[in-house]
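Scroll down for the structure; my scribbles are underneath it.
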Amino acid sequence: MIVDTHCHLDDHRYDEDLETVLQRAREKGVKRFIIPGADPRTLERAVEIAQKHEDVYFAVGVHPYDMEHYDREYLESFVDHPKCVAIGECGLDYYRLPEDPSEAEAEKVRQKEVFVDQIEWAKALKKPLIVHIREASADSLALLEEHAGEEGGVLHCYNADATLLKLAKRNFYYGIGGVLTFKNARKLVNVFPQIPQEKLLIETDAPYLTPHPFRGKRNEPAYCTYVAEKMCELSGLSREQMETLTTTNVQRLFSI
Ligand SMILES: [Zn+2]
């Protein structure tokens with residue numbers, strides 16, 4: 001079986017057909033789903049989905065794009081839920097910083113505060129982190145090295161920055177998604193063999209980052225199979241070996 005360790009099923013793009021989306025995934029062998037907490041405004045929806053479906057789990061956190069909605073007290077009311085498996089998706093994203101240099105600096109400072117708060121929170125709860133890093137590898141690495149607990153977590157891997165591989169020793173895993181299948185994904189394809197196999201996870205980031213050959217369309221967990229195929233091609237593992245490997249990794253990290 002495959003676990004989609006990162007799919008935003010609480011996104012409004014699944015409002016109409018979530019049941020069908022889940023069913024299509026299960027038929028393809030994708031049997032567990034983790035909804036990262038990105039935007040607190042849809043967290044209740046994530047919990048509702050996880051309560052309804054035995055195979056769906058969720059995490060609690062705030063994505064850097066939604067950090068104006070960061071309210072630790074509100075989020076705290078969700079972490080004791082039995083289906084809450086992690087803190088995140090939190091992290092740093094310098095891709096869309098304001099043009100004005102002082103505004104950009106202030107934005108970075110604020111992002112770092114919110115990120116550190118969530119790292120420390122995960123450490124106190126002894127939960128793993130789900131981390132988003134985009135064009136912010138050096139700062140993210142420094143903050144995680146300084147603050148992260150033994151539980152570690154998972155990094156979204158689309159930046160494919162080899163410097164982040166250092167975090168494997170701190171119990172961080174690497175979530176591989178649709179980017180690996182892109183024709184121009186040379187960077188990730190090159191980094192991929194350097195990732196320790198016992199730290200590989202599969203994710204879609206659905207509804208975003210749809211793998212080839214559906215790039216540009218809405219992504220969904222069933223497409224994990226395209227990611228898995230590409231991972232097999234690059235690693236030489238059979239599909240069965242890849243599924244066993246990544247599912248064992250999921251169980252070790254998220255205890256599910
Ligand atoms: Zn995400």
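Labels for the structure tokens follow display order: chains A, B, ..., residues from 1 in each chain, ligands from 1.
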| task | Run DSSP on the backbone and grab whatever in range 6-252 of chain A lands in strand (DSSP E); send it over as a PyMOL selection string. | result | chain A and resi 30-35+56-60+84-93+129-134+153-156+172-176+200-202
May I have the selected residues written with C-alpha atoms, as a short mmCIF file (atom, residue, chain, number, x, y, z; two decimals), in the first residue's frame?
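The resulting part37.cif:
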```
data_model
loop_
_atom_site.label_atom_id
_atom_site.label_comp_id
_atom_site.auth_asym_id
_atom_site.auth_seq_id
_atom_site.Cartn_x
_atom_site.Cartn_y
_atom_site.Cartn_z
CA VAL A 30 -3.34 4.49 -1.69
CA LYS A 31 -4.76 3.47 1.66
CA ARG A 32 -3.88 6.20 4.14
CA PHE A 33 -4.01 9.96 3.86
CA ILE A 34 -2.57 12.78 5.94
CA ILE A 35 -4.08 16.26 5.63
CA VAL A 56 -7.60 9.83 6.98
CA TYR A 57 -5.39 11.65 9.51
CA PHE A 58 -4.61 15.34 9.94
CA ALA A 59 -1.98 17.72 11.25
CA VAL A 60 -2.33 21.09 12.93
CA CYS A 84 -3.85 14.46 14.86
CA VAL A 85 -0.45 13.03 13.91
CA ALA A 86 1.84 16.04 13.45
CA ILE A 87 2.42 19.79 13.67
CA GLY A 88 2.51 21.66 10.36
CA GLU A 89 2.56 22.44 7.56
CA CYS A 90 4.84 25.15 8.82
CA GLY A 91 8.04 26.58 7.44
CA LEU A 92 9.57 29.40 5.44
CA ASP A 93 8.68 30.59 1.95
CA LEU A 129 6.77 18.32 12.03
CA ILE A 130 5.51 18.75 8.48
CA VAL A 131 7.78 21.39 6.97
CA HIS A 132 7.39 23.57 3.89
CA ILE A 133 10.59 25.19 2.56
CA ARG A 134 10.75 27.30 -0.56
CA GLY A 153 9.49 15.38 10.76
CA VAL A 154 9.15 15.54 7.02
CA LEU A 155 10.34 18.13 4.51
CA HIS A 156 8.54 18.89 1.29
CA PHE A 172 13.89 14.28 9.14
CA TYR A 173 12.24 12.50 6.23
CA TYR A 174 11.85 13.69 2.63
CA GLY A 175 8.44 13.85 1.02
CA ILE A 176 8.69 13.05 -2.68
CA LEU A 200 11.73 8.47 1.84
CA LEU A 201 8.03 9.28 1.92
CA ILE A 202 5.47 9.66 -0.87
#
```
| said: Report as number ranges by chain all protein, DNA and RNA residues lying within 7 Å of Arg218 in chain A, evaluated on only C-alpha atoms, omitting residues in the same chain fewer than 4 positions from it. | reply: A: 207-208, 210
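Here CA of His6 in chain A is placed at a distance of 27.8 Å from CA of Pro98 in chain A.
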| task | Compute the set of protein, DNA and RNA residues whose minimum atom distance to ligand 1 is at most 7 Å, using only C-alpha atoms and all ligand atoms, and state it as JSON, numbers by chain. | result | {"A": [6, 7, 8, 36, 38, 89, 205]}
| request: Using DSSP on the backbone coordinates, identify all residues within range 81-148 of chain A classified as alpha helix (DSSP H); present the result as an MDAnalysis selection string. | output: chainID A and resid 101:125 137:147
Kindly export the residues of the current selection with C-alpha atoms, as a JSON list (two decimals), in the first residue's frame.
```
[["chain", "number", "residue", "atom", "x", "y", "z"],
["A", 101, "PRO", "CA", 13.62, 45.43, 1.02],
["A", 102, "SER", "CA", 12.56, 46.54, 4.50],
["A", 103, "GLU", "CA", 9.10, 45.05, 4.06],
["A", 104, "ALA", "CA", 10.70, 41.85, 2.80],
["A", 105, "GLU", "CA", 12.95, 41.76, 5.87],
["A", 106, "ALA", "CA", 9.97, 42.26, 8.20],
["A", 107, "GLU", "CA", 8.09, 39.46, 6.45],
["A", 108, "LYS", "CA", 11.05, 37.11, 6.90],
["A", 109, "VAL", "CA", 11.30, 37.97, 10.60],
["A", 110, "ARG", "CA", 7.60, 37.29, 11.09],
["A", 111, "GLN", "CA", 7.77, 33.99, 9.17],
["A", 112, "LYS", "CA", 10.70, 32.86, 11.30],
["A", 113, "GLU", "CA", 8.83, 33.70, 14.54],
["A", 114, "VAL", "CA", 5.77, 31.71, 13.52],
["A", 115, "PHE", "CA", 7.94, 28.81, 12.30],
["A", 116, "VAL", "CA", 10.02, 28.63, 15.49],
["A", 117, "ASP", "CA", 6.88, 28.76, 17.59],
["A", 118, "GLN", "CA", 5.52, 25.71, 15.77],
["A", 119, "ILE", "CA", 8.86, 23.84, 15.94],
["A", 120, "GLU", "CA", 9.01, 24.40, 19.70],
["A", 121, "TRP", "CA", 5.39, 23.41, 20.06],
["A", 122, "ALA", "CA", 5.96, 20.12, 18.22],
["A", 123, "LYS", "CA", 8.97, 19.43, 20.42],
["A", 124, "ALA", "CA", 6.94, 20.02, 23.59],
["A", 125, "LEU", "CA", 4.19, 17.70, 22.32],
["A", 137, "SER", "CA", 16.91, 26.55, 2.75],
["A", 138, "ALA", "CA", 19.67, 28.20, 4.77],
["A", 139, "ASP", "CA", 17.34, 29.88, 7.29],
["A", 140, "SER", "CA", 15.15, 26.77, 7.57],
["A", 141, "LEU", "CA", 18.14, 24.53, 8.16],
["A", 142, "ALA", "CA", 19.49, 26.84, 10.86],
["A", 143, "LEU", "CA", 16.15, 27.05, 12.69],
["A", 144, "LEU", "CA", 15.48, 23.32, 12.51],
["A", 145, "GLU", "CA", 18.99, 22.47, 13.69],
["A", 146, "GLU", "CA", 18.60, 24.85, 16.60],
["A", 147, "HIS", "CA", 15.03, 24.08, 17.69]]
```
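Of the listed residues (A:Gly177, A:Asp4, A:Glu48, A:Gln197), A:Gln197 comes nearest to Gly236 in chain A; the distances count only C-alpha atoms.
Relative to CA of Leu43 in chain A, CA of His63 in chain A is found at 12.1 Å.
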| said: Using only C-alpha atoms for the distances, tell me which of A:Phe192, A:Ser238, A:Glu220, A:Asp100 is nearest to Leu18 in chain A. | reply: A:Glu220
